[in-house]
$ cat query31.cif   # mmCIF, C-alpha atoms; chains and numbers go by the auth columns
data_start
loop_
_atom_site.group_PDB
_atom_site.id
_atom_site.type_symbol
_atom_site.label_atom_id
_atom_site.label_comp_id
_atom_site.label_asym_id
_atom_site.label_seq_id
_atom_site.Cartn_x
_atom_site.Cartn_y
_atom_site.Cartn_z
_atom_site.B_iso_or_equiv
_atom_site.auth_seq_id
_atom_site.auth_asym_id
ATOM 1 C CA MET A 1 -9.029 101.516 -83.549 0.00 27 A
ATOM 2 C CA ASP A 2 -9.521 97.749 -83.166 0.00 28 A
ATOM 3 C CA ILE A 3 -6.858 95.834 -85.102 0.00 29 A
ATOM 4 C CA ALA A 4 -8.451 92.460 -84.273 0.00 30 A
ATOM 5 C CA ALA A 5 -11.624 93.475 -86.107 0.00 31 A
ATOM 6 C CA LEU A 6 -9.543 94.753 -89.013 0.00 32 A
ATOM 7 C CA THR A 7 -7.561 91.517 -89.326 0.00 33 A
ATOM 8 C CA SER A 8 -10.807 89.549 -89.150 0.00 34 A
ATOM 9 C CA ALA A 9 -12.215 91.639 -91.990 0.00 35 A
ATOM 10 C CA ALA A 10 -8.985 91.166 -93.948 0.00 36 A
ATOM 11 C CA SER A 11 -9.212 87.421 -93.391 0.00 37 A
ATOM 12 C CA ASN A 12 -12.741 87.421 -94.795 0.00 38 A
ATOM 13 C CA GLN A 13 -11.558 89.532 -97.721 0.00 39 A
ATOM 14 C CA THR A 14 -8.701 87.090 -98.355 0.00 40 A
ATOM 15 C CA ALA A 15 -11.126 84.185 -98.436 0.00 41 A
ATOM 16 C CA SER A 16 -13.383 85.945 -100.916 0.00 42 A
ATOM 17 C CA THR A 17 -10.531 87.060 -103.190 0.00 43 A
ATOM 18 C CA THR A 18 -8.946 83.624 -103.015 0.00 44 A
ATOM 19 C CA ASN A 19 -12.213 82.103 -104.178 0.00 45 A
ATOM 20 C CA SER A 20 -12.353 84.558 -107.049 0.00 46 A
ATOM 21 C CA GLY A 21 -8.748 83.887 -107.993 0.00 47 A
ATOM 22 C CA ASN A 22 -7.233 87.202 -106.959 0.00 48 A
ATOM 23 C CA SER A 23 -5.417 86.402 -103.764 0.00 49 A
ATOM 24 C CA ASN A 24 -2.741 89.012 -104.564 0.00 50 A
ATOM 25 C CA ASP A 25 -5.327 91.804 -104.145 0.00 51 A
ATOM 26 C CA ALA A 26 -5.888 90.906 -100.489 0.00 52 A
ATOM 27 C CA VAL A 27 -2.169 90.736 -99.841 0.00 53 A
ATOM 28 C CA SER A 28 -1.654 94.203 -101.297 0.00 54 A
ATOM 29 C CA ASP A 29 -4.661 95.595 -99.395 0.00 55 A
ATOM 30 C CA LEU A 30 -3.482 94.488 -95.945 0.00 56 A
ATOM 31 C CA GLY A 31 0.127 93.418 -95.610 0.00 57 A
ATOM 32 C CA MET A 32 2.581 93.494 -92.750 0.00 58 A
ATOM 33 C CA ASP A 33 3.545 97.122 -93.523 0.00 59 A
ATOM 34 C CA GLN A 34 -0.036 98.341 -93.270 0.00 60 A
ATOM 35 C CA PHE A 35 -0.549 96.311 -90.102 0.00 61 A
ATOM 36 C CA LEU A 36 2.545 97.809 -88.483 0.00 62 A
ATOM 37 C CA LYS A 37 1.418 101.323 -89.441 0.00 63 A
ATOM 38 C CA LEU A 38 -1.988 100.686 -87.883 0.00 64 A
ATOM 39 C CA LEU A 39 -0.390 99.200 -84.782 0.00 65 A
ATOM 40 C CA THR A 40 1.979 102.163 -84.427 0.00 66 A
ATOM 41 C CA THR A 41 -0.968 104.551 -84.742 0.00 67 A
ATOM 42 C CA GLN A 42 -2.902 102.547 -82.179 0.00 68 A
ATOM 43 C CA LEU A 43 0.028 102.592 -79.729 0.00 69 A
ATOM 44 C CA ALA A 44 0.648 106.314 -80.265 0.00 70 A
ATOM 45 C CA ASN A 45 -2.990 107.205 -79.662 0.00 71 A
ATOM 46 C CA GLN A 46 -3.804 104.865 -76.798 0.00 72 A
ATOM 47 C CA ASP A 47 -4.976 106.083 -73.441 0.00 73 A
ATOM 48 C CA PRO A 48 -1.881 106.248 -71.164 0.00 74 A
ATOM 49 C CA LEU A 49 -4.046 105.298 -68.171 0.00 75 A
ATOM 50 C CA GLU A 50 -5.303 102.165 -69.969 0.00 76 A
ATOM 51 C CA PRO A 51 -2.507 100.950 -72.267 0.00 77 A
ATOM 52 C CA MET A 52 -2.947 98.023 -74.612 0.00 78 A
ATOM 53 C CA LYS A 53 -2.524 94.711 -72.828 0.00 79 A
ATOM 54 C CA ASP A 54 0.327 92.379 -73.794 0.00 80 A
ATOM 55 C CA THR A 55 -2.160 89.637 -74.613 0.00 81 A
ATOM 56 C CA ASP A 56 -4.010 91.926 -77.054 0.00 82 A
ATOM 57 C CA PHE A 57 -0.766 92.831 -78.778 0.00 83 A
ATOM 58 C CA ILE A 58 0.293 89.171 -79.054 0.00 84 A
ATOM 59 C CA ALA A 59 -3.134 88.166 -80.360 0.00 85 A
ATOM 60 C CA GLN A 60 -2.986 90.875 -83.016 0.00 86 A
ATOM 61 C CA MET A 61 0.510 89.829 -84.109 0.00 87 A
ATOM 62 C CA ALA A 62 -0.621 86.189 -84.244 0.00 88 A
ATOM 63 C CA SER A 63 -3.594 87.179 -86.392 0.00 89 A
ATOM 64 C CA ILE A 64 -1.507 89.003 -88.974 0.00 90 A
ATOM 65 C CA THR A 65 1.138 86.271 -88.986 0.00 91 A
ATOM 66 C CA SER A 66 -1.570 83.670 -89.514 0.00 92 A
ATOM 67 C CA LEU A 67 -3.041 85.733 -92.345 0.00 93 A
ATOM 68 C CA GLU A 68 0.348 86.061 -94.064 0.00 94 A
ATOM 69 C CA GLN A 69 1.045 82.331 -93.716 0.00 95 A
ATOM 70 C CA MET A 70 -2.372 81.525 -95.163 0.00 96 A
ATOM 71 C CA ASN A 71 -1.623 83.785 -98.154 0.00 97 A
ATOM 72 C CA LYS A 72 1.769 82.122 -98.696 0.00 98 A
ATOM 73 C CA PHE A 73 0.194 78.675 -98.461 0.00 99 A
ATOM 74 C CA THR A 74 -2.489 79.665 -100.973 0.00 100 A
ATOM 75 C CA ASN A 75 0.178 80.927 -103.381 0.00 101 A
ATOM 76 C CA VAL A 76 2.137 77.667 -103.073 0.00 102 A
ATOM 77 C CA ILE A 77 -0.990 75.588 -103.729 0.00 103 A
ATOM 78 C CA GLU A 78 -1.945 77.738 -106.738 0.00 104 A
ATOM 79 C CA SER A 79 1.577 77.455 -108.130 0.00 105 A
ATOM 80 C CA GLY A 80 1.499 73.674 -107.736 0.00 106 A
ATOM 81 C CA MET A 81 -1.873 73.493 -109.461 0.00 107 A
ATOM 82 C CA ASN A 82 -0.588 75.598 -112.371 0.00 108 A
ATOM 83 C CA ASP A 83 2.463 73.338 -112.718 0.00 109 A
ATOM 84 C CA GLN A 84 0.250 70.241 -112.648 0.00 110 A
ATOM 85 C CA TYR A 85 -2.040 71.773 -115.262 0.00 111 A
ATOM 86 C CA THR A 86 0.969 72.521 -117.485 0.00 112 A
ATOM 87 C CA VAL A 87 2.244 68.948 -117.247 0.00 113 A
ATOM 88 C CA ALA A 88 -1.220 67.489 -117.822 0.00 114 A
ATOM 89 C CA SER A 89 -1.748 69.689 -120.882 0.00 115 A
ATOM 90 C CA GLN A 90 1.122 67.905 -122.634 0.00 116 A
ATOM 91 C CA ALA A 91 -1.099 64.804 -122.765 0.00 117 A
ATOM 92 C CA TYR A 92 -3.039 66.572 -125.540 0.00 118 A
ATOM 93 C CA LEU A 93 -0.099 66.125 -127.944 0.00 119 A
ATOM 94 C CA GLY A 94 -1.127 63.881 -130.825 0.00 120 A
ATOM 95 C CA LYS A 95 -4.746 63.753 -129.643 0.00 121 A
ATOM 96 C CA GLU A 96 -7.694 64.893 -131.708 0.00 122 A
ATOM 97 C CA VAL A 97 -9.498 67.803 -130.071 0.00 123 A
ATOM 98 C CA THR A 98 -12.734 69.592 -130.719 0.00 124 A
ATOM 99 C CA MET A 99 -12.897 73.217 -129.615 0.00 125 A
ATOM 100 C CA ASN A 100 -14.715 76.493 -130.044 0.00 126 A
ATOM 101 C CA SER A 101 -12.921 79.212 -131.942 0.00 127 A
ATOM 102 C CA ALA A 102 -13.284 82.877 -131.086 0.00 128 A
ATOM 103 C CA GLY A 103 -16.102 83.131 -133.657 0.00 129 A
ATOM 104 C CA GLY A 104 -18.021 80.263 -132.069 0.00 130 A
ATOM 105 C CA VAL A 105 -17.193 77.833 -134.888 0.00 131 A
ATOM 106 C CA GLU A 106 -16.252 74.284 -133.858 0.00 132 A
ATOM 107 C CA ILE A 107 -12.757 73.291 -134.922 0.00 133 A
ATOM 108 C CA LYS A 108 -11.496 69.729 -134.971 0.00 134 A
ATOM 109 C CA GLY A 109 -7.914 68.599 -135.441 0.00 135 A
ATOM 110 C CA VAL A 110 -4.832 66.920 -133.996 0.00 136 A
ATOM 111 C CA VAL A 111 -2.757 68.840 -131.438 0.00 137 A
ATOM 112 C CA ASP A 112 0.671 69.504 -132.962 0.00 138 A
ATOM 113 C CA SER A 113 2.195 71.358 -130.012 0.00 139 A
ATOM 114 C CA VAL A 114 1.527 72.752 -126.546 0.00 140 A
ATOM 115 C CA SER A 115 3.023 76.052 -125.388 0.00 141 A
ATOM 116 C CA LYS A 116 2.884 78.241 -122.328 0.00 142 A
ATOM 117 C CA SER A 117 3.270 82.002 -122.171 0.00 143 A
ATOM 118 C CA GLY A 118 2.934 83.336 -118.638 0.00 144 A
ATOM 119 C CA ASP A 119 -0.152 81.628 -117.208 0.00 145 A
ATOM 120 C CA VAL A 120 -1.723 80.997 -120.616 0.00 146 A
ATOM 121 C CA ILE A 121 -1.420 77.506 -122.090 0.00 147 A
ATOM 122 C CA GLN A 122 -2.097 77.127 -125.799 0.00 148 A
ATOM 123 C CA VAL A 123 -2.386 74.191 -128.175 0.00 149 A
ATOM 124 C CA THR A 124 -1.565 74.356 -131.869 0.00 150 A
ATOM 125 C CA VAL A 125 -4.115 72.674 -134.141 0.00 151 A
ATOM 126 C CA ASN A 126 -3.817 72.865 -137.935 0.00 152 A
ATOM 127 C CA GLY A 127 -1.059 75.477 -137.542 0.00 153 A
ATOM 128 C CA VAL A 128 -3.193 77.841 -135.423 0.00 154 A
ATOM 129 C CA SER A 129 -2.757 78.414 -131.666 0.00 155 A
ATOM 130 C CA TYR A 130 -5.792 78.230 -129.388 0.00 156 A
ATOM 131 C CA ASP A 131 -6.272 78.768 -125.681 0.00 157 A
ATOM 132 C CA ILE A 132 -6.477 75.400 -123.954 0.00 158 A
ATOM 133 C CA LYS A 133 -9.690 76.531 -122.243 0.00 159 A
ATOM 134 C CA GLU A 134 -11.459 76.393 -125.615 0.00 160 A
ATOM 135 C CA ILE A 135 -11.107 72.583 -125.814 0.00 161 A
ATOM 136 C CA LEU A 136 -14.465 70.842 -125.605 0.00 162 A
ATOM 137 C CA LYS A 137 -13.484 67.250 -126.357 0.00 163 A
ATOM 138 C CA VAL A 138 -10.311 65.113 -126.544 0.00 164 A
ATOM 139 C CA GLU A 139 -10.168 61.836 -128.475 0.00 165 A
ATOM 140 C CA LEU A 140 -7.645 59.404 -129.844 0.00 166 A
ATOM 141 C CA PRO A 141 -6.973 60.332 -133.468 0.00 167 A
ATOM 142 C CA THR A 142 -8.927 58.390 -136.061 0.00 168 A
ATOM 143 C CA THR A 143 -6.869 56.477 -138.590 0.00 169 A
ATOM 144 C CA ASN A 144 -7.942 56.545 -142.219 0.00 170 A
#

$ encode --input "query31.cif" --output "structure tokens"
Amino acid sequence: MDIAALTSAASNQTASTTNSGNSNDAVSDLGMDQFLKLLTTQLANQDPLEPMKDTDFIAQMASITSLEQMNKFTNVIESGMNDQYTVASQAYLGKEVTMNSAGGVEIKGVVDSVSKSGDVIQVTVNGVSYDIKEILKVELPTTN
């Protein structure tokens, strides 16, 4: 069983899940616990006449440590981006927005409030809450 190939595959999987927005899937698929189980199995089943070299063991540990650090770094960056998005969304207050409703009808109105529930940010327009992703256009309100 070649752990180096496995960690390489896990690294590729992490990159693909990070790009798709599901970095937690990769972490749950191959974490430190799974790595240690694989390593223990590898050590228990190795050929006693040709044991694993120290350099191989160190390289494997470095690979998994690097993978974990990359996952932590990705999580920190994503968290910072979400916080920035939350702060930036408050700039919609008092602005006139045009958006698509769930039925595909364009709605236009002034943003009365911005709220966040979990990772979902919503704006309230004309007393109705909408997902911020539905906003198509933001303008200064027109004065009549």

$ atom_distance --input "query31.cif" --atom1 "CA of Asn97 (chain A)" --atom2 "CA of Asp157 (chain A)"
28.4 Å

$ residues_around --input "query31.cif" --residues "Ser141 (chain A)" --least-positions-apart "6" --cutoff "9 Å" --atoms "all atoms listed in the file" --output "PyMOL selection string"
chain A and resi 112+116+147-150+155

$ atom_distance --input "query31.cif" --atom1 "CA of Lys121 (chain A)" --atom2 "CA of Gly135 (chain A)"
8.2 Å

$ atom_distance --input "query31.cif" --atom1 "CA of Leu166 (chain A)" --atom2 "CA of Ser143 (chain A)"
26.2 Å

$ closest_residue --input "query31.cif" --among "A:Ala70, A:Leu64, A:Leu162, A:Val123" --to "Met87 (chain A)" --atoms "all atoms listed in the file"
A:Leu64

$ closest_residue --input "query31.cif" --among "A:Ile90, A:Ala114, A:Val136, A:Asp59" --to "Pro167 (chain A)" --atoms "all atoms listed in the file"
A:Val136

$ residues_around --input "query31.cif" --residues "Lys163 (chain A)" --least-positions-apart "2" --cutoff "9 Å" --atoms "all atoms listed in the file" --output "PDB file with C-alpha atoms, in the frame of the given file"
ATOM      1  CA  GLU A 122      -7.694  64.893-131.708  1.00  0.00           C
ATOM      2  CA  VAL A 123      -9.498  67.803-130.071  1.00  0.00           C
ATOM      3  CA  THR A 124     -12.734  69.592-130.719  1.00  0.00           C
ATOM      4  CA  MET A 125     -12.897  73.217-129.615  1.00  0.00           C
ATOM      5  CA  ILE A 161     -11.107  72.583-125.814  1.00  0.00           C
ATOM      6  CA  GLU A 165     -10.168  61.836-128.475  1.00  0.00           C
TER       7      GLU A 165
END

$ closest_residue --input "query31.cif" --among "A:Lys134, A:Asp145, A:Val154, A:Phe61" --to "Thr91 (chain A)" --atoms "all atoms listed in the file"
A:Phe61

$ closest_residue --input "query31.cif" --among "A:Tyr118, A:Gly144, A:Asn152, A:Ile133" --to "Val164 (chain A)" --atoms "only C-alpha atoms"
A:Tyr118

$ axis_aligned_box --input "query31.cif" --around "region 122-138 of chain A" --padding-each-side "5 Å" --output "lines of an AutoDock Vina configuration file"
center_x = -8.7
center_y = 74.0
center_z = -132.5
size_x = 28.7
size_y = 28.2
size_z = 15.8

$ closest_residue --input "query31.cif" --among "A:Val140, A:Val131, A:Ala88, A:Leu75" --to "Tyr111 (chain A)" --atoms "all atoms listed in the file"
A:Val140

$ closest_residue --input "query31.cif" --among "A:Thr66, A:Thr169, A:Thr100, A:Asn126" --to "Phe83 (chain A)" --atoms "all atoms listed in the file"
A:Thr66
